[in-house]
file upload.cif (mmCIF, C-alpha atoms and all ligand atoms)
data_target
#
loop_
_atom_site.label_atom_id
_atom_site.label_comp_id
_atom_site.auth_asym_id
_atom_site.auth_seq_id
_atom_site.Cartn_x
_atom_site.Cartn_y
_atom_site.Cartn_z
CA MET A 1 -227.79 41.95 -22.95
CA PRO A 2 -231.49 42.16 -21.94
CA ALA A 3 -232.56 40.40 -18.74
CA ALA A 4 -234.94 37.45 -19.15
CA GLU A 5 -238.62 37.73 -18.11
CA PRO A 6 -239.17 36.81 -14.43
CA VAL A 7 -240.68 33.48 -13.40
CA GLU A 8 -241.91 31.99 -10.11
CA LEU A 9 -239.75 29.03 -9.11
CA GLU A 10 -239.77 26.67 -6.13
CA LEU A 11 -237.06 27.48 -3.61
CA SER A 12 -235.16 24.29 -4.39
CA ALA A 13 -234.75 25.50 -7.99
CA CYS A 14 -233.57 29.03 -7.12
CA CYS A 15 -229.94 28.60 -6.00
CA GLY A 16 -227.68 30.93 -8.00
CA LEU A 17 -230.57 32.97 -9.47
CA VAL A 18 -231.37 36.61 -8.79
CA THR A 19 -234.62 37.79 -7.18
CA CYS A 20 -236.64 40.41 -9.00
CA THR A 21 -239.12 41.44 -6.30
CA ASP A 22 -238.67 42.23 -2.62
CA VAL A 23 -239.45 39.26 -0.39
CA VAL A 24 -241.61 40.31 2.57
CA ALA A 25 -241.75 38.16 5.72
CA ARG A 26 -245.16 36.51 6.12
CA VAL A 27 -244.53 35.61 9.78
CA ASP A 28 -242.47 36.79 12.72
CA LEU A 29 -239.20 34.98 13.39
CA PRO A 30 -239.30 33.47 15.94
CA GLY A 31 -243.03 33.07 15.48
CA PHE A 32 -243.66 32.88 19.27
CA ASP A 33 -241.69 33.12 22.51
CA ASN A 34 -239.86 29.79 22.79
CA SER A 35 -237.16 28.03 24.74
CA ALA A 36 -233.50 28.09 23.66
CA MET A 37 -232.69 25.10 25.89
CA ASP A 38 -233.98 21.74 27.01
CA GLY A 39 -234.92 22.37 30.65
CA TYR A 40 -237.69 23.87 32.75
CA ALA A 41 -239.79 26.99 32.24
CA ILE A 42 -239.86 28.70 35.62
CA ARG A 43 -240.53 32.02 37.36
CA SER A 44 -237.13 33.66 37.93
CA ALA A 45 -238.25 35.05 41.31
CA ASP A 46 -238.76 31.46 42.55
CA VAL A 47 -235.07 30.54 42.09
CA ALA A 48 -233.45 33.84 43.09
CA GLU A 49 -231.90 32.20 46.20
CA ALA A 50 -231.10 28.79 44.60
CA SER A 51 -227.59 27.32 44.99
CA GLU A 52 -225.77 23.98 44.75
CA ASP A 53 -226.07 23.58 48.53
CA ARG A 54 -229.66 24.80 48.80
CA PRO A 55 -231.46 23.96 45.54
CA GLU A 56 -234.96 25.34 45.05
CA VAL A 57 -237.57 22.59 44.65
CA LEU A 58 -240.39 23.34 42.19
CA ARG A 59 -243.47 21.26 41.31
CA VAL A 60 -243.54 20.14 37.66
CA VAL A 61 -247.07 20.84 36.39
CA GLY A 62 -246.70 19.90 32.75
CA GLU A 63 -244.47 19.36 29.75
CA VAL A 64 -244.18 21.01 26.35
CA ALA A 65 -242.08 19.85 23.39
CA ALA A 66 -241.29 21.59 20.08
CA GLY A 67 -244.49 21.65 18.04
CA GLY A 68 -246.67 21.35 21.17
CA ASP A 69 -249.30 23.97 22.04
CA ALA A 70 -248.58 25.53 25.45
CA ALA A 71 -251.85 27.49 25.49
CA GLY A 72 -253.34 25.39 28.31
CA LEU A 73 -250.27 25.55 30.55
CA VAL A 74 -249.64 28.12 33.26
CA VAL A 75 -246.61 28.24 35.55
CA GLY A 76 -247.68 29.48 38.97
CA PRO A 77 -245.47 30.39 41.94
CA GLY A 78 -243.38 27.39 43.01
CA GLN A 79 -244.12 25.59 39.76
CA ALA A 80 -242.20 24.58 36.62
CA VAL A 81 -243.02 23.14 33.19
CA ARG A 82 -240.59 20.74 31.50
CA ILE A 83 -239.70 22.30 28.19
CA MET A 84 -237.69 21.34 25.11
CA THR A 85 -235.65 23.53 22.74
CA GLY A 86 -237.97 25.35 20.34
CA ALA A 87 -241.10 24.68 22.39
CA MET A 88 -243.61 27.48 23.17
CA MET A 89 -243.17 29.21 26.49
CA PRO A 90 -246.08 28.57 28.84
CA ALA A 91 -247.84 31.55 30.45
CA GLY A 92 -246.49 32.66 33.82
CA ALA A 93 -242.88 31.59 33.22
CA ASP A 94 -240.27 34.28 32.52
CA ALA A 95 -237.12 32.17 32.19
CA VAL A 96 -235.81 28.70 31.36
CA VAL A 97 -233.28 26.83 33.44
CA MET A 98 -231.29 24.29 31.44
CA VAL A 99 -231.70 20.67 32.51
CA GLU A 100 -228.00 20.36 33.40
CA ARG A 101 -228.50 22.85 36.27
CA THR A 102 -231.29 20.72 37.81
CA ASP A 103 -231.77 17.15 39.00
CA GLY A 104 -233.88 16.44 35.88
CA GLY A 105 -236.94 15.51 37.96
CA VAL A 106 -240.28 14.60 36.41
CA ASP A 107 -242.82 15.34 39.19
CA GLN A 108 -240.68 17.88 40.97
CA VAL A 109 -237.38 19.50 40.09
CA SER A 110 -234.46 20.84 42.14
CA VAL A 111 -232.90 23.96 40.60
CA CYS A 112 -229.28 24.73 41.59
CA ASP A 113 -228.85 28.20 40.01
CA PRO A 114 -230.64 31.52 40.04
CA VAL A 115 -231.60 32.54 36.49
CA PRO A 116 -232.46 36.10 35.52
CA ALA A 117 -235.80 36.92 33.84
CA GLY A 118 -235.59 36.29 30.10
CA ARG A 119 -232.77 33.71 30.35
CA SER A 120 -232.91 31.14 27.51
CA ILE A 121 -236.08 32.60 26.00
CA ARG A 122 -236.10 33.48 22.29
CA PRO A 123 -238.72 36.24 22.00
CA ALA A 124 -241.22 36.39 19.12
CA GLY A 125 -240.07 38.69 16.31
CA GLU A 126 -236.55 39.01 17.72
CA ASP A 127 -235.02 38.08 14.35
CA VAL A 128 -237.64 39.21 11.80
CA ARG A 129 -240.96 41.09 12.02
CA ALA A 130 -243.80 40.01 9.72
CA GLY A 131 -244.08 42.58 6.93
CA ALA A 132 -240.37 43.41 6.85
CA VAL A 133 -238.43 43.15 3.57
CA VAL A 134 -236.02 40.32 4.25
CA ILE A 135 -234.62 39.71 0.74
CA PRO A 136 -234.45 42.79 -1.49
CA ALA A 137 -234.99 42.52 -5.25
CA GLY A 138 -231.68 41.90 -6.99
CA THR A 139 -230.31 39.45 -4.41
CA ARG A 140 -228.32 36.45 -5.64
CA VAL A 141 -230.01 33.46 -4.03
CA GLY A 142 -227.78 31.09 -2.09
CA ALA A 143 -228.16 28.50 0.66
CA ARG A 144 -228.74 31.10 3.37
CA THR A 145 -231.22 33.18 1.36
CA ILE A 146 -233.19 30.01 0.64
CA ALA A 147 -233.39 29.29 4.37
CA LEU A 148 -234.63 32.82 5.09
CA ALA A 149 -237.29 32.66 2.37
CA ALA A 150 -238.52 29.30 3.65
CA ALA A 151 -238.51 30.39 7.30
CA THR A 152 -240.53 33.50 6.49
CA GLY A 153 -243.18 31.46 4.68
CA HIS A 154 -242.24 31.55 0.99
CA PRO A 155 -242.30 28.28 -1.00
CA MET A 156 -241.48 30.12 -4.26
CA LEU A 157 -239.39 33.11 -5.36
CA ARG A 158 -239.77 35.44 -8.32
CA VAL A 159 -236.46 35.26 -10.16
CA ARG A 160 -234.99 35.58 -13.65
CA PRO A 161 -234.75 32.08 -15.12
CA ARG A 162 -231.48 30.27 -15.66
CA PRO A 163 -230.18 31.10 -19.16
CA ARG A 164 -230.16 27.89 -21.24
CA VAL A 165 -226.68 27.76 -22.73
CA ALA A 166 -225.32 25.46 -25.43
CA VAL A 167 -221.57 24.86 -25.46
CA ILE A 168 -219.92 23.62 -28.65
CA SER A 169 -216.28 22.73 -29.13
CA THR A 170 -214.99 22.67 -32.69
CA GLY A 171 -212.02 20.90 -34.24
CA ASP A 172 -211.30 17.61 -36.03
CA GLU A 173 -208.48 16.92 -33.57
CA LEU A 174 -210.72 16.68 -30.50
CA ILE A 175 -211.34 13.31 -28.87
CA GLU A 176 -213.50 12.64 -25.82
CA PRO A 177 -211.36 12.22 -22.67
CA GLY A 178 -210.68 8.57 -21.95
CA ARG A 179 -210.72 7.49 -25.58
CA PRO A 180 -207.40 6.57 -27.25
CA LEU A 181 -205.58 9.29 -29.19
CA ARG A 182 -204.17 8.86 -32.66
CA PRO A 183 -201.21 11.02 -33.74
CA GLY A 184 -202.21 14.69 -33.87
CA GLN A 185 -205.30 14.25 -31.72
CA ILE A 186 -205.93 15.70 -28.25
CA HIS A 187 -208.50 15.21 -25.53
CA GLU A 188 -211.35 17.69 -25.72
CA SER A 189 -211.47 19.86 -22.59
CA ASN A 190 -212.95 23.25 -23.49
CA SER A 191 -216.60 22.18 -23.64
CA LEU A 192 -216.33 20.62 -20.18
CA MET A 193 -214.56 23.68 -18.78
CA LEU A 194 -217.02 26.15 -20.29
CA ALA A 195 -220.04 24.06 -19.29
CA ALA A 196 -218.76 24.00 -15.71
CA ALA A 197 -218.14 27.76 -15.80
CA VAL A 198 -221.71 28.31 -17.06
CA GLU A 199 -223.13 26.16 -14.27
CA GLY A 200 -220.90 27.87 -11.71
CA MET A 201 -222.61 31.16 -12.55
CA GLY A 202 -226.11 29.83 -11.98
CA ALA A 203 -226.86 29.43 -15.69
CA GLN A 204 -227.67 26.05 -17.23
CA THR A 205 -225.71 24.08 -19.80
CA VAL A 206 -228.45 22.44 -21.86
CA GLU A 207 -226.25 21.03 -24.64
CA ARG A 208 -222.54 20.22 -24.71
CA LEU A 209 -221.21 19.03 -28.03
CA SER A 210 -217.96 18.62 -29.90
CA VAL A 211 -218.09 18.93 -33.66
CA GLY A 212 -215.54 18.69 -36.48
CA ASP A 213 -214.43 21.26 -39.00
CA ASP A 214 -217.50 21.15 -41.29
CA PRO A 215 -219.08 24.63 -41.67
CA ASP A 216 -222.45 23.33 -42.98
CA GLU A 217 -222.77 20.96 -40.05
CA LEU A 218 -222.02 23.82 -37.63
CA VAL A 219 -224.58 26.17 -39.20
CA ALA A 220 -227.24 23.44 -39.11
CA LEU A 221 -226.47 22.75 -35.46
CA LEU A 222 -226.60 26.43 -34.47
CA THR A 223 -229.84 26.89 -36.38
CA THR A 224 -231.43 24.12 -34.30
CA LEU A 225 -229.97 25.33 -31.00
CA ALA A 226 -230.88 28.97 -31.68
CA GLY A 227 -234.51 27.84 -31.92
CA TRP A 228 -234.70 27.27 -28.17
CA CYS A 229 -231.46 28.15 -26.32
CA ASP A 230 -230.76 31.54 -24.74
CA ALA A 231 -227.04 31.68 -25.54
CA ILE A 232 -224.48 29.67 -27.50
CA ILE A 233 -220.77 29.46 -26.72
CA THR A 234 -218.37 27.97 -29.24
CA SER A 235 -214.66 27.41 -28.84
CA GLY A 236 -211.98 27.17 -31.50
CA GLY A 237 -211.95 27.94 -35.21
CA VAL A 238 -211.88 31.72 -34.96
CA SER A 239 -208.33 32.51 -36.01
CA MET A 240 -206.49 32.58 -39.32
CA GLY A 241 -206.18 28.84 -40.02
CA ALA A 242 -207.30 27.18 -43.23
CA TYR A 243 -209.86 25.12 -41.30
CA ASP A 244 -211.17 27.75 -38.90
CA VAL A 245 -214.71 26.45 -39.11
CA VAL A 246 -216.55 28.87 -36.82
CA LYS A 247 -215.34 31.91 -38.67
CA ALA A 248 -216.00 30.30 -42.05
CA ALA A 249 -219.49 29.25 -41.09
CA LEU A 250 -220.84 32.13 -39.02
CA ALA A 251 -219.43 35.25 -40.64
CA ALA A 252 -222.32 35.03 -43.14
CA HIS A 253 -224.84 34.72 -40.29
CA GLY A 254 -224.35 38.02 -38.50
CA VAL A 255 -221.42 37.04 -36.28
CA ASP A 256 -218.60 39.59 -36.25
CA PHE A 257 -215.04 38.33 -35.97
CA VAL A 258 -212.57 40.76 -34.51
CA GLN A 259 -209.11 40.97 -32.99
CA VAL A 260 -209.28 42.26 -29.43
CA ALA A 261 -206.22 44.02 -27.98
CA MET A 262 -206.00 41.39 -25.28
CA GLN A 263 -203.79 38.43 -24.50
CA PRO A 264 -204.89 35.71 -24.26
CA GLY A 265 -208.14 35.97 -26.16
CA LYS A 266 -207.15 38.01 -29.21
CA PRO A 267 -209.44 36.43 -31.82
CA GLN A 268 -213.12 36.70 -30.85
CA GLY A 269 -216.49 36.41 -32.50
CA PHE A 270 -219.84 37.73 -31.32
CA GLY A 271 -223.23 38.09 -32.94
CA LEU A 272 -226.96 37.55 -32.62
CA PHE A 273 -227.96 34.42 -34.51
CA GLY A 274 -231.24 33.52 -36.16
CA PRO A 275 -234.75 34.94 -35.80
CA ARG A 276 -234.62 34.80 -31.99
CA ARG A 277 -231.35 36.76 -32.10
CA VAL A 278 -229.59 34.37 -29.78
CA PRO A 279 -226.20 35.67 -28.60
CA VAL A 280 -223.32 33.58 -29.93
CA PHE A 281 -219.94 33.91 -28.22
CA ALA A 282 -217.27 32.46 -30.49
CA LEU A 283 -214.26 32.04 -28.22
CA PRO A 284 -210.73 31.08 -29.24
CA GLY A 285 -209.76 27.43 -28.94
CA ASN A 286 -206.64 27.63 -26.80
CA PRO A 287 -207.90 26.48 -23.39
CA VAL A 288 -206.51 29.43 -21.40
CA SER A 289 -207.80 31.85 -24.03
CA ALA A 290 -211.25 30.25 -23.83
CA PHE A 291 -211.26 30.50 -20.02
CA VAL A 292 -210.14 34.14 -19.94
CA SER A 293 -212.58 35.04 -22.72
CA PHE A 294 -215.40 33.51 -20.68
CA GLU A 295 -214.40 35.58 -17.65
CA VAL A 296 -214.07 38.81 -19.62
CA PHE A 297 -216.98 38.61 -22.08
CA VAL A 298 -219.40 35.77 -21.33
CA ALA A 299 -219.74 35.99 -17.55
CA PRO A 300 -220.93 39.65 -17.57
CA ALA A 301 -223.42 38.84 -20.33
CA LEU A 302 -224.87 35.82 -18.49
CA ASP A 303 -225.19 37.89 -15.33
CA ALA A 304 -227.02 40.61 -17.27
CA MET A 305 -229.44 37.97 -18.60
CA MET A 306 -230.00 36.86 -15.01
CA GLY A 307 -230.77 40.43 -14.00
CA THR A 308 -227.62 41.41 -12.17
CA THR A 309 -224.26 43.07 -12.68
CA HIS A 310 -221.18 40.90 -12.83
CA GLU A 311 -219.04 41.68 -9.81
CA ARG A 312 -215.39 40.82 -9.82
CA ARG A 313 -213.35 40.60 -6.64
CA ILE A 314 -210.72 43.18 -7.52
CA VAL A 315 -207.75 43.95 -5.27
CA ARG A 316 -204.53 45.92 -5.73
CA GLY A 317 -201.53 43.65 -5.44
CA VAL A 318 -197.76 43.93 -5.53
CA MET A 319 -195.74 41.85 -7.98
CA GLY A 320 -193.66 39.14 -6.31
CA HIS A 321 -191.50 38.84 -9.43
CA GLU A 322 -191.20 40.39 -12.86
CA LEU A 323 -193.49 39.74 -15.83
CA THR A 324 -193.18 40.71 -19.47
CA SER A 325 -196.24 41.58 -21.52
CA PRO A 326 -196.87 42.09 -25.26
CA ALA A 327 -196.98 45.69 -26.48
CA GLY A 328 -200.39 46.99 -27.51
CA ARG A 329 -202.41 44.25 -25.76
CA THR A 330 -203.88 44.13 -22.28
CA GLN A 331 -202.49 40.98 -20.76
CA ILE A 332 -204.70 38.96 -18.46
CA ALA A 333 -201.95 36.97 -16.74
CA ARG A 334 -202.55 34.03 -14.41
CA ALA A 335 -201.10 34.30 -10.91
CA VAL A 336 -201.08 32.92 -7.41
CA THR A 337 -202.11 35.82 -5.20
CA SER A 338 -201.78 35.58 -1.45
CA ARG A 339 -202.65 37.89 1.40
CA THR A 340 -199.60 38.94 3.43
CA ASP A 341 -199.08 41.44 6.25
CA ALA A 342 -197.90 43.90 3.61
CA GLY A 343 -200.97 43.39 1.36
CA TRP A 344 -201.68 41.14 -1.63
CA LEU A 345 -198.60 39.48 -3.10
CA VAL A 346 -198.87 38.46 -6.76
CA ASP A 347 -196.80 35.62 -8.18
CA PRO A 348 -197.50 35.03 -11.86
CA VAL A 349 -197.47 31.33 -12.77
CA VAL A 350 -194.54 30.16 -14.88
CA GLY A 351 -196.47 29.10 -17.98
CA GLN A 352 -198.21 32.17 -19.41
CA GLY A 353 -198.80 30.60 -22.85
CA SER A 354 -202.43 30.06 -23.89
CA HIS A 355 -201.96 26.27 -23.84
CA PHE A 356 -200.80 25.89 -20.19
CA ILE A 357 -203.83 24.24 -18.58
CA HIS A 358 -201.99 23.02 -15.49
CA ASP A 359 -200.67 26.49 -14.73
CA LEU A 360 -204.17 27.88 -15.27
CA VAL A 361 -205.36 25.65 -12.46
CA ARG A 362 -202.40 26.56 -10.24
CA ALA A 363 -203.49 30.20 -10.48
CA ASN A 364 -206.14 31.64 -8.17
CA SER A 365 -206.28 35.05 -9.80
CA LEU A 366 -205.94 37.04 -13.00
CA VAL A 367 -203.60 40.02 -13.25
CA VAL A 368 -204.49 42.88 -15.57
CA VAL A 369 -201.37 44.26 -17.26
CA PRO A 370 -202.30 47.47 -19.11
CA GLU A 371 -201.87 47.68 -22.88
CA ALA A 372 -198.99 50.16 -22.68
CA THR A 373 -197.00 48.17 -20.10
CA THR A 374 -194.47 45.74 -21.54
CA ARG A 375 -192.74 44.84 -18.30
CA LEU A 376 -193.69 44.72 -14.65
CA GLU A 377 -190.91 44.69 -12.07
CA THR A 378 -190.92 43.09 -8.64
CA GLY A 379 -192.76 45.49 -6.32
CA ASP A 380 -194.91 47.11 -9.05
CA GLU A 381 -198.59 47.57 -8.19
CA VAL A 382 -201.18 45.77 -10.30
CA GLU A 383 -204.92 45.15 -10.53
CA VAL A 384 -205.83 41.58 -9.61
CA TRP A 385 -209.10 39.73 -10.13
CA LEU A 386 -209.45 37.03 -7.50
CA LEU A 387 -211.11 33.96 -8.96
CA GLY A 388 -214.07 32.88 -6.90
CA ASP A 389 -213.52 29.15 -7.01
CA ARG A 390 -211.64 26.83 -4.71
CA GLU A 391 -209.52 25.14 -7.31
CA LEU A 392 -205.94 25.09 -6.20
CA THR A 393 -203.29 22.52 -6.88
CA ALA A 394 -199.80 22.31 -5.47
N1 LIG A 401 -201.56 33.00 -38.14
C1 LIG A 401 -202.14 33.19 -36.97
N2 LIG A 401 -202.34 32.14 -36.20
C2 LIG A 401 -202.90 32.29 -35.00
C3 LIG A 401 -203.26 33.57 -34.55
C4 LIG A 401 -203.04 34.67 -35.39
O1 LIG A 401 -203.33 35.83 -35.07
N3 LIG A 401 -202.48 34.43 -36.60
N4 LIG A 401 -203.79 33.72 -33.30
C5 LIG A 401 -203.42 32.73 -32.33
C6 LIG A 401 -204.21 32.91 -31.14
S1 LIG A 401 -203.81 34.25 -30.21
C7 LIG A 401 -205.14 32.03 -30.73
S2 LIG A 401 -205.92 32.25 -29.24
C8 LIG A 401 -205.50 30.88 -31.52
C9 LIG A 401 -207.02 30.75 -31.64
O2 LIG A 401 -207.28 29.76 -32.55
P1 LIG A 401 -208.71 29.18 -32.83
O3 LIG A 401 -209.74 29.83 -32.07
O4 LIG A 401 -208.85 29.16 -34.30
O5 LIG A 401 -208.60 27.76 -32.22
P2 LIG A 401 -208.08 26.39 -32.85
O6 LIG A 401 -207.10 26.69 -33.91
O7 LIG A 401 -209.25 25.59 -33.18
O8 LIG A 401 -207.35 25.80 -31.59
C10 LIG A 401 -206.29 26.43 -30.96
C11 LIG A 401 -205.61 25.46 -30.03
O9 LIG A 401 -206.51 25.07 -29.01
C12 LIG A 401 -206.75 23.67 -29.03
N5 LIG A 401 -208.16 23.41 -28.78
C13 LIG A 401 -209.16 23.83 -29.56
N6 LIG A 401 -210.34 23.42 -29.06
C14 LIG A 401 -210.07 22.72 -27.98
C15 LIG A 401 -210.87 22.02 -27.05
N7 LIG A 401 -212.19 21.98 -27.17
N8 LIG A 401 -210.28 21.41 -26.01
C16 LIG A 401 -208.92 21.44 -25.89
N9 LIG A 401 -208.10 22.10 -26.73
C17 LIG A 401 -208.67 22.72 -27.77
C18 LIG A 401 -206.38 23.26 -30.43
O10 LIG A 401 -206.06 21.92 -30.56
C19 LIG A 401 -205.21 24.18 -30.72
O11 LIG A 401 -204.04 23.71 -30.13
O12 LIG A 401 -204.96 30.95 -32.81
C20 LIG A 401 -203.58 31.30 -32.84
N10 LIG A 401 -203.12 31.21 -34.18
O1 LIG A 402 -205.26 35.26 -27.94
MO1 LIG A 402 -204.45 33.88 -28.03
O2 LIG A 402 -205.60 33.70 -26.92
O3 LIG A 402 -203.17 34.95 -27.41
O4 LIG A 402 -203.53 32.71 -27.31
#

call {"tool": "encode", "arguments": {"input": "upload.cif", "output": "structure tokens", "more": "lines below"}}
Ligand SMILES: Nc1nc2c(c(=O)[nH]1)N[C@H]1C(S)=C(S)[C@@H](COP(=O)(O)OP(=O)(O)OC[C@H]3O[C@@H](n4cnc5c(N)ncnc54)[C@H](O)[C@@H]3O)O[C@H]1N2
Ligand code: MOO
result
Amino acid sequence: MPAAEPVELELSACCGLVTCTDVVARVDLPGFDNSAMDGYAIRSADVAEASEDRPEVLRVVGEVAAGGDAAGLVVGPGQAVRIMTGAMMPAGADAVVMVERTDGGVDQVSVCDPVPAGRSIRPAGEDVRAGAVVIPAGTRVGARTIALAAATGHPMLRVRPRPRVAVISTGDELIEPGRPLRPGQIHESNSLMLAAAVEGMGAQTVERLSVGDDPDELVALLTTLAGWCDAIITSGGVSMGAYDVVKAALAAHGVDFVQVAMQPGKPQGFGLFGPRRVPVFALPGNPVSAFVSFEVFVAPALDAMMGTTHERRIVRGVMGHELTSPAGRTQIARAVTSRTDAGWLVDPVVGQGSHFIHDLVRANSLVVVPEATTRLETGDEVEVWLLGDRELTA
């Protein structure tokens, strides 16, 4: 999947995106020697003999707060300048004594402790030097990266734009959650799940729709969406049923429908639709199948469009109980995986059918059972993909 052309975006719009040039610090961090404490800038030699019983008394010759210019201030022998956290150090001072270790005086101050030279001073450039690469190209931007870019003087970052993704659920049986169900109907959940998964990756869900089993309507909708979206995800209608609308509608439009040796997620469709060759991921309708298909096929593609490689958190775990698996298909089982003293312990959830949404949410991981394995015993080693979210129910 080709990566999108880079754009310059304001920092506030960059969370979840990937940088495509090195970010070079425009300023030192800290930008100037400054105080780490509210207190007094002093000369350490002046307070070398100070104690609770015999405090050193210094004359306060000025005050500097954060944002104030200390250029006109000089601390001479026997003198102090009142200083606030983040304020510029005045010339002559080589340490700061925190206010709690003084009497807090305004015209003169009694200091109860000796402080070594350099105490409570944050030197210029201690954290970052101007000109240093602080955020390499290819970094996924998060809250902390945004802070670093801002602090080093960058209002914008060069990133790959958020892919604009349309999510379409298909099926005459689907009813918006909250609306009453007639016999045979169910609440639509896949479009909401897939839209959230898209957003969770840093991509953007620009349309979320649920349509019925009318092939012409679906083709017309995709034709419109493919005029401006970057990717389209459908769910349902890809299997062998008489009303499998996605397959019926899109097979004639360059979308291939295949059976993947995987469970869940056996029936899949993929193709490039319309003149803009927009990728269409036609996922199966069973909710667990749709989720696993997103993880396996869609997430890596969206990451590639955003200019990065999809990284899974893979660990080796040990089965906490047995699990059967279909022959000839790689099973992506759902499990609760926990870290123990002996390593990662893997407990597959009870409901491994493709319709068990509650058990999908109970799981915090996916277990990869190889195609040739039909049974895992307690104690067998397996590959586990830890899911990166914080969804966990009892
Ligand atoms: N004869 C065969 N039947 C089926 C096969 C097969 O090989 N031969 N494969 C099964 C497998 S595996 C899967 S997975 C499903 C995939 O079916 P579809 O992609 O055609 O999906 P639907 O039939 O439309 O729906 C399946 C199931 O999921 C529910 N669903 C659909 N969309 C949503 C939604 N947006 N939100 C919530 N639930 C949804 C739907 O009501 C069905 O229960 O096919 C098997 N059949
Ligand atoms: O592939 Mo289906 O997804 O086994 O339930």

call {"tool": "closest_atom_pairs", "arguments": {"input": "upload.cif", "of": "range 117-162 of chain A", "to": "range 44-61 of chain A", "cutoff": "12 Å", "atoms": "only C-alpha atoms", "output": "Markdown table"}}
result
| residue | atom | partner | partner_atom | distance |
| --- | --- | --- | --- | --- |
| A:Ala117 | CA | A:Ser44 | CA | 5.4 |
| A:Gly118 | CA | A:Ser44 | CA | 8.4 |
| A:Arg119 | CA | A:Ser44 | CA | 8.7 |
| A:Ser120 | CA | A:Ser44 | CA | 11.5 |

call {"tool": "closest_atom_pairs", "arguments": {"input": "upload.cif", "of": "chain A", "to": "ligand LIG 401 (chain A)", "cutoff": "6 Å", "atoms": "all atoms listed in the file", "output": "tab-separated table"}}
result
residue	atom	partner	partner_atom	distance
A:Ser169	CA	A:LIG401	N7	4.6
A:Thr170	CA	A:LIG401	N6	5.9
A:Gly171	CA	A:LIG401	O7	5.5
A:Glu188	CA	A:LIG401	N8	3.9
A:Ser189	CA	A:LIG401	N8	3.9
A:Asn190	CA	A:LIG401	N7	4.0
A:Ser191	CA	A:LIG401	N7	5.7
A:Ser235	CA	A:LIG401	N6	5.9
A:Gly236	CA	A:LIG401	O5	3.5
A:Gly237	CA	A:LIG401	O4	3.5
A:Val238	CA	A:LIG401	O4	4.0
A:Ser239	CA	A:LIG401	O4	3.8
A:Met240	CA	A:LIG401	C1	5.0
A:Asp244	CA	A:LIG401	O4	5.3
A:Gly265	CA	A:LIG401	S2	5.3
A:Lys266	CA	A:LIG401	S1	5.1
A:Pro284	CA	A:LIG401	O3	3.2
A:Gly285	CA	A:LIG401	O5	3.5
A:Asn286	CA	A:LIG401	O9	3.4
A:Pro287	CA	A:LIG401	N9	5.5
A:Ser289	CA	A:LIG401	S2	5.6

call {"tool": "closest_atom_pairs", "arguments": {"input": "upload.cif", "of": "chain A", "to": "ligand LIG 402 (chain A)", "cutoff": "10 Å", "atoms": "all atoms listed in the file", "output": "CSV"}}
result
residue,atom,partner,partner_atom,distance
A:Ser239,CA,A:LIG402,MO1,9.0
A:Gln259,CA,A:LIG402,O1,8.5
A:Val260,CA,A:LIG402,O1,8.2
A:Ala261,CA,A:LIG402,O1,8.8
A:Met262,CA,A:LIG402,O1,6.7
A:Gln263,CA,A:LIG402,O3,4.6
A:Pro264,CA,A:LIG402,O2,3.4
A:Gly265,CA,A:LIG402,O1,3.5
A:Lys266,CA,A:LIG402,O1,3.6
A:Pro267,CA,A:LIG402,O1,5.8
A:Gln268,CA,A:LIG402,O1,8.5
A:Leu283,CA,A:LIG402,O2,8.9
A:Pro284,CA,A:LIG402,O2,6.2
A:Gly285,CA,A:LIG402,O2,7.8
A:Asn286,CA,A:LIG402,O4,6.0
A:Pro287,CA,A:LIG402,O2,8.4
A:Val288,CA,A:LIG402,O2,7.0
A:Ser289,CA,A:LIG402,O2,4.1
A:Ala290,CA,A:LIG402,O2,7.3
A:Phe291,CA,A:LIG402,O2,9.5
A:Val292,CA,A:LIG402,O2,8.3
A:Ser293,CA,A:LIG402,O2,8.3
A:Pro326,CA,A:LIG402,O3,9.8
A:Arg329,CA,A:LIG402,O3,9.5
A:Gln331,CA,A:LIG402,O3,9.0
A:Ile332,CA,A:LIG402,O3,9.9
A:Gln352,CA,A:LIG402,O4,9.5
A:Gly353,CA,A:LIG402,O4,6.8
A:Ser354,CA,A:LIG402,O4,4.5
A:His355,CA,A:LIG402,O4,7.5

call {"tool": "closest_residue", "arguments": {"input": "upload.cif", "among": "A:Thr234, A:Arg375, A:Ala299, A:Pro348", "to": "Thr324 in chain A", "atoms": "all atoms listed in the file"}}
result
A:Arg375

call {"tool": "closest_residue", "arguments": {"input": "upload.cif", "among": "A:Val296, A:Ala66, A:Ala130, A:Tyr40", "to": "Asp103 in chain A", "atoms": "only C-alpha atoms"}}
result
A:Tyr40

call {"tool": "closest_atom_pairs", "arguments": {"input": "upload.cif", "of": "range 126-191 of chain A", "to": "range 197-207 of chain A", "cutoff": "9 Å", "atoms": "only C-alpha atoms", "output": "Markdown table"}}
result
| residue | atom | partner | partner_atom | distance |
| --- | --- | --- | --- | --- |
| A:Pro161 | CA | A:Ala203 | CA | 8.3 |
| A:Arg162 | CA | A:Ala203 | CA | 4.7 |
| A:Pro163 | CA | A:Ala203 | CA | 5.1 |
| A:Arg164 | CA | A:Gln204 | CA | 5.1 |
| A:Val165 | CA | A:Thr205 | CA | 4.8 |
| A:Ala166 | CA | A:Glu207 | CA | 4.6 |
| A:Val167 | CA | A:Glu207 | CA | 6.1 |
| A:Ile168 | CA | A:Glu207 | CA | 7.9 |

call {"tool": "residues_around", "arguments": {"input": "upload.cif", "residues": "Ala93 in chain A", "least_positions_apart": "3", "cutoff": "12 Å", "atoms": "all atoms listed in the file", "output": "number ranges by chain"}}
result
A: 33-35, 40-47, 61, 70, 73-83, 88-90, 96-97, 115-121
